Structure formats: C-alpha cells, structure tokens
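Worksheet: the structure to be examined is printed underneath.
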Amino acid sequence: MQTNFSLVQLSDPDMAASESILRSCVHCGFCTATCPTYVLLGDELDSPRGRIYQIKDMLESGRPAPKTVVKHIDRCLSCLSCMTTCPSGVHYQHLVDHARSYINETFNRPIFDRVFRLTLARILPYPARFRAALAVAWFFRPFAGLVSGRIGAMLRLVPKSIPPRSPIEGHKVHRAEGSRIKRVALLAGCAQQVLSPSINEATIRLLNRHGVEVVVAKGAGCCGALVHHMGRAEEGHDAARQNVDAWTREIDGEGLDAIIINASGCGTSVKDYGFMLRNDPVYAKNAERVSALTKDIVEFMGEIGLQNPKPPEQMRLAYHSACSMQHGQQLKDEPKALLEDAGFQVVTPLEPHLCCGSAGVYNIMQPKIANQLKERKAANLARLQPDAVAAGNIGCIGQLQGAVGKPVLHTVELLDWATGGPKPEKLVQ
C-alpha cells in the first residue's frame with residue numbers, strides 16, 4: 001500500500017511503525033473471509049482491509065479521528081484472525097492498537113461513553129475494586145433483562161454467585177512437590193482471580209505436582225491489555241512496567257525458567273511487552289527478557305509433558321480455541337494434544353477461527369454484535385454433543401457459560417484433574 005506521511009510524522013516512532021505495517025498490505029482481501037464483523041455485517045468498512053484504509057487516511061491526515069472511523073474501529077474485536085489469514089504478514093495488532101490510541105487522544109466521545117470507559121478502566125484491572133463492584137451489581141442482576149444496551153449487557157455477565165477470595169491469592173511462593181525441576185512466575189491476573197479463582201488454584205497444583213515451583217511475584221498486577229485495547233496506551237504501558245519490574249526482580253534473584261500465563265488474552269499482551277516498551281530506554285531490555293520468557297500454561301506443560309495422566313472419566317470435550325490463543329499466540333494444536341494425552345476425547349467445532357464475542361470488554365461495549373457471535377459459536381459447540389467445553393481464556397468461559405448447555409471449563413482445570421487433582425466443581429454440580 002502506498003503511503004504519504006510527512007517526514008515530521010515519521011519522526012514519531014509509533015507513526016513510523018504503523019507506516020511500515022500499512023506498506024506491507026497488498027489489498028488482497030483474504031482477511032475479509034475470516035473477520036467476524038465482516039462475516040456478520042458484510043460491510044467492507046467492518047473488514048480488516050477496510051479498517052486499514054480508514055486508519056491510513058486518519059493517520060496521514062493528522063486531524064482528529066472522524067466519527068465514522070471511530071465507529072468501525074470500535075467494532076473491531078482485535079481477534080487477530082486476519083493476522084493468521086494474511087499472506088503478507090500485515091501486523092494488524094500493532095496497527096489497530098496505534099489507531100485506538102490516536103482515537104483516544106484526538107476524538108471527543110460523548111460524555112456517557114467517556115464516563116463508562118473510564119469506569120471500566122478504573123475497576124476491572126483491580127481485583128479488590130472489581131470484587132466490590134460485582135457485589136453491588138449482584139443485587140441488580142435479576143433486573144438485567146429489563147435493561148438494554150451496555151448496562152444490561154454488563155449485568156447479564158454478573159455470575160449467579162461470587163466466589164470467595166482464594167487462600168492462595170496474593171504474593172506467595174508455592175513449593176514444588178518432590179525435587180524442584182523448574183521455577184516459574186505466575187501472573188495471577190485481575191478479573192480472573194475474582195471470577196474464577198479455581199483456575200489459578202488448578203494451575204499451581206498442576207505445576208507443583210510436576211516439580212515446578214511457582215512464585216506470584218510481589219508487585220505484579222493486571223497485564224494492561226484491557227486499558228491498552230481501549231486506547232489508553234500509557235496506562236497499559238504503566239501496567240507493563242509494573243510487571244516487568246516485578247518479574248525482573250525474580251529473574252535477577254532466584255531466577256525464572258518461564259513466566260506462566262493462564263489467560264490467553266493476557267499472554268498475548270505480555271508476549272508483546274518487548275514491542276510496547278521498545279522506545280523506553282529504561283524498560284526496553286527487560287521488557288524483551290520478560291516477553292521471551294512468557295508462556296501460556298499449555299505451552300509450558302507441552303514442553304515438560306504430563307506425568308502419569310489417568311483419565312478420570314470418559315469425557316467428550318469440545319475445545320474452543322480463544323482468539324488470543326490461536327491467532328495472538330499461534331497456539332493451535334498444543335491445548336488439544338494435552339487434553340488428548342490426558343485421556344479426553346477432543347472434538348473441534350465448525351468455524352473454529354471465529355470469535356465468541358467476548359474479546360476483553362467487547363461484549364459490554366458492543367453487546368449486539370457480541371451476542372450474535374456468542375449464539376453462533378454456542379450453536380457450533382452444541383452440535384458436537386459434548387459432555388463439557390474446554391477453553392483457555394476467562395473471557396470466553398464467561399461468554400459461553402450457560403449458552404452451550406454444558407459446563408465450560410478452563411483447560412488447566414481438566415489437566416489438573418487428570419493428573420491427580422480434584423474434580424472441577426462445575427462437573428460435580
């Protein structure tokens with residue numbers, strides 16, 4: 001794609017990076033076939049190719065983002081399916097992140113939109129605040145059907161019961177069983193440890209059982225993805241710096257063999273810290289070190305192998321591959337292979353590349369499109385007649401729970417069970 005940026009514009013490192021991405025696009029349109037919003041809406045402006053054209057025009061102009069461009073960029077799920085499809089290697093993730101940051105800096109959103117986004121940014125990344133907000137929202141949950149729009153969508157996502165705080169929560173070192181073969185840091189996360197603490201508990205049990213010491217590093221918090229994808233780039237970078245500091249202390253101290261992530265959306269973000277902080281003279285080097293050490297839990301377990309898995313029950317699992325897992329991290333076969341090694345029968349739905357509609361806070365910000373995608377995904381999963389659904393991202397689990405008619409569990413909960421851990425609570429009920 002031909003571009004017309006000025007030398008002054010290209011002196012900005014972010015603009016220069018986006019210009020390079022734009023030039024790599026050859027307008028082939030392969031991306032349109034796998035883009036969820038284009039599949040649903042059939043509008044070229046809601047396809048990756050259409051958005052790339054709009055981003056190019058917006059950035060080249062140097063003017064505030066137009067309302068029409070904001071609408072179509074807001075509709076993008078950042079599922080990154082287009083990156084898997086693209087034969088030219090267009091790094092759409094970095095381009096759309098820059099576009100969102102530009103929009104956040106130049107576009108004056110309506111007051112309700114601004115307040116709503118700020119509220120999400122000030123609550124969701126902080127477990128204590130999020131837990132308190134859920135407790136308040138729980139009382140209004142019965143009225144969710146009477147409320148439309150974003151507020152109604154948010155209330156419908158409130159769980160029927162809020163799990164108590166896990167005893168493992170907080171900075172701790174979890175010793176390996178037997179001889180220690182590896183030492184890792186675990187990102188405890190923000191929303192996940194509130195909504196489903198059993199995921200972190202299962203992760204730690206699984207790793208400890210396999211001779212891996214697990215440290216939840218002091219000072220590590222939200223990965224920053226939520227605010228970063230809302231265009232609040234500097235807030236996302238601050239979260240990244242905080243985590244880089246926390247994990248660098250562990251790397252330079254007792255050492256780390258890996259940084260383990262059990263929410264694939266967070267993993268995609270942490271693996272990108274090196275790029276995010278590339279222009280920061282203080283953090284660039286350590287950010288690269290952190291990104292290089294980061295592995296999804298299934299990626300790590302695939303490397304060390306499951307020890308003596310014993311199929312607890314004959315179960316048919318439908319595997320839902322989160323977009324951040326298969327497109328963001330390019331981990332497609334590893335989760336299914338591990339589940340099969342553990343003795344489960346694993347089946348894959350039609351259209352496995354299409355997003356379920358969760359996408360961070362997309363199911364709150366764009367509830368109509370998100371619900372269409374959820375119903376499409378749930379129908380494809382239900383056709384497989386599974387006993388349960390496995391997924392590797394808390395957002396997908398929350399989005400699909402109740403829609404498929406079967407329990408939706410994290411992959412690690414099933415792997416923990418198959419190697420000596422307790423039966424997941426959702427399968428006991």
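The way I read the labels, and the way they are meant: chains A, B, ... in the order of the structure tokens, residue 1 as the first residue of every chain, and ligand 1 as the first ligand shown, with later ones counted on from there.
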As a list of chain:residue names, please: the residues near Leu384 (chain A) (cut-off 8 Å, only C-alpha atoms, same-chain neighbours under 4 positions excluded).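 Surrounding residues, per the criterion: A:Ala318, A:Val347, A:Thr348, A:Pro349, A:Asn380.
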Show me, as a PyMOL selection string, the residues that have an atom within 7 Å of Ala225 (chain A) when counting only C-alpha atoms, minus same-chain residues fewer than 6 positions from it. chain A and resi 236+266+269
With a distance cut-off of 12 Å and only C-alpha atoms, select the neighbouring residues of Asp272 (chain A), excluding the residue or stretch itself and same-chain residues fewer than 3 positions from it, and output the selection as a ChimeraX atom specification. /A:93-94,97,223-225,228,236-237,240,244,265-269,275-278,284,287-295,328-329
Restrict the selected residues to N, CA and C atoms and save them as a CSV table (one decimal), in the first residue's frame.
chain,number,residue,atom,x,y,z
A,93,GLN,N,-2.4,-6.2,14.6
A,93,GLN,CA,-2.5,-5.9,16.1
A,93,GLN,C,-1.8,-4.6,16.4
A,94,HIS,N,-0.6,-4.4,16.0
A,94,HIS,CA,0.1,-3.1,16.3
A,94,HIS,C,-0.6,-1.9,15.7
A,97,ASP,N,-3.9,-1.1,17.5
A,97,ASP,CA,-3.6,-0.6,18.8
A,97,ASP,C,-3.2,0.9,18.7
A,223,CYS,N,-2.2,-7.3,33.5
A,223,CYS,CA,-1.3,-7.2,32.3
A,223,CYS,C,-1.3,-5.9,31.5
A,224,GLY,N,-2.4,-5.2,31.7
A,224,GLY,CA,-2.6,-3.9,31.0
A,224,GLY,C,-3.4,-4.0,29.7
A,225,ALA,N,-3.7,-5.2,29.3
A,225,ALA,CA,-4.4,-5.4,28.0
A,225,ALA,C,-5.7,-4.7,27.9
A,228,HIS,N,-5.1,-1.0,27.4
A,228,HIS,CA,-4.4,-0.8,26.2
A,228,HIS,C,-5.3,-0.9,25.0
A,236,GLY,N,-1.7,1.3,29.8
A,236,GLY,CA,-1.3,-0.1,29.5
A,236,GLY,C,0.2,-0.2,29.7
A,237,HIS,N,1.0,0.8,29.3
A,237,HIS,CA,2.4,0.7,29.4
A,237,HIS,C,2.8,0.8,30.9
A,240,ALA,N,2.4,-2.6,32.2
A,240,ALA,CA,3.5,-3.4,31.7
A,240,ALA,C,4.8,-3.2,32.5
A,244,VAL,N,7.0,-5.8,34.6
A,244,VAL,CA,8.4,-6.0,34.2
A,244,VAL,C,9.3,-5.8,35.4
A,265,GLY,N,-5.6,-14.1,26.7
A,265,GLY,CA,-5.6,-12.7,26.3
A,265,GLY,C,-4.5,-12.0,27.0
A,266,CYS,N,-4.2,-12.3,28.2
A,266,CYS,CA,-3.1,-11.7,28.9
A,266,CYS,C,-1.8,-12.1,28.3
A,267,GLY,N,-1.7,-13.4,28.0
A,267,GLY,CA,-0.5,-13.9,27.4
A,267,GLY,C,-0.1,-13.2,26.1
A,268,THR,N,-1.1,-12.9,25.2
A,268,THR,CA,-0.8,-12.2,24.0
A,268,THR,C,-0.2,-10.8,24.3
A,269,SER,N,-0.8,-10.2,25.3
A,269,SER,CA,-0.3,-8.8,25.7
A,269,SER,C,1.1,-8.9,26.3
A,275,PHE,N,7.7,-5.1,22.4
A,275,PHE,CA,7.3,-4.1,21.3
A,275,PHE,C,6.7,-2.9,22.0
A,276,MET,N,5.8,-3.1,23.0
A,276,MET,CA,5.1,-2.0,23.6
A,276,MET,C,6.1,-1.0,24.3
A,277,LEU,N,7.2,-1.5,24.9
A,277,LEU,CA,8.2,-0.7,25.6
A,277,LEU,C,9.5,-0.5,24.8
A,278,ARG,N,9.4,-0.8,23.5
A,278,ARG,CA,10.7,-0.7,22.7
A,278,ARG,C,11.4,0.6,22.7
A,284,ALA,N,13.1,-1.1,28.0
A,284,ALA,CA,13.1,-1.9,26.7
A,284,ALA,C,13.8,-3.2,26.9
A,287,ALA,N,11.9,-5.6,29.2
A,287,ALA,CA,10.6,-6.0,28.6
A,287,ALA,C,10.8,-7.1,27.6
A,288,GLU,N,11.9,-7.0,26.9
A,288,GLU,CA,12.2,-8.1,25.9
A,288,GLU,C,12.5,-9.4,26.6
A,289,ARG,N,13.2,-9.3,27.8
A,289,ARG,CA,13.5,-10.5,28.6
A,289,ARG,C,12.2,-11.2,29.1
A,290,VAL,N,11.3,-10.3,29.5
A,290,VAL,CA,10.1,-10.8,30.0
A,290,VAL,C,9.2,-11.5,28.9
A,291,SER,N,9.1,-10.8,27.8
A,291,SER,CA,8.4,-11.4,26.7
A,291,SER,C,8.9,-12.7,26.2
A,292,ALA,N,10.3,-12.8,26.2
A,292,ALA,CA,10.9,-14.0,25.8
A,292,ALA,C,10.7,-15.2,26.7
A,293,LEU,N,10.4,-14.9,28.0
A,293,LEU,CA,10.2,-16.0,29.0
A,293,LEU,C,8.7,-16.4,29.1
A,294,THR,N,7.8,-15.6,28.5
A,294,THR,CA,6.4,-15.8,28.7
A,294,THR,C,5.9,-17.0,27.9
A,295,LYS,N,5.1,-17.8,28.6
A,295,LYS,CA,4.5,-19.0,28.0
A,295,LYS,C,3.1,-19.2,28.6
A,328,GLY,N,-3.4,-14.8,18.4
A,328,GLY,CA,-2.5,-13.9,19.1
A,328,GLY,C,-1.2,-14.6,19.4
A,329,GLN,N,-1.2,-15.9,19.8
A,329,GLN,CA,0.0,-16.6,20.2
A,329,GLN,C,0.3,-17.8,19.3
Using only C-alpha atoms, I'd like a table of the residues in region 304-371 of chain A that come within 10 Å of region 111-124 of chain A; for each, show the closest atom pair and its distance in Å rounded to one decimal, ordered by chain and ascending number, as a tab-separated table.
residue	atom	partner	partner_atom	distance
A:Val361	CA	A:Leu120	CA	8.6
A:Ile364	CA	A:Leu120	CA	9.9
A:Met365	CA	A:Arg117	CA	8.8
Distance query Glu177 (chain A) at most 9 Å, only C-alpha atoms, self and fewer than 4 positions along chain excluded, as a PyMOL selection string: chain A and resi 207-213
Neighbouring residues of Ile251 (chain A) were defined as those with any atom within 12 Å, considering only C-alpha atoms; residues of the same chain fewer than 2 positions away were excluded. Please report them as number ranges by chain. A: 183-185, 215, 217, 244-249, 253-259, 286-287, 289-290, 293
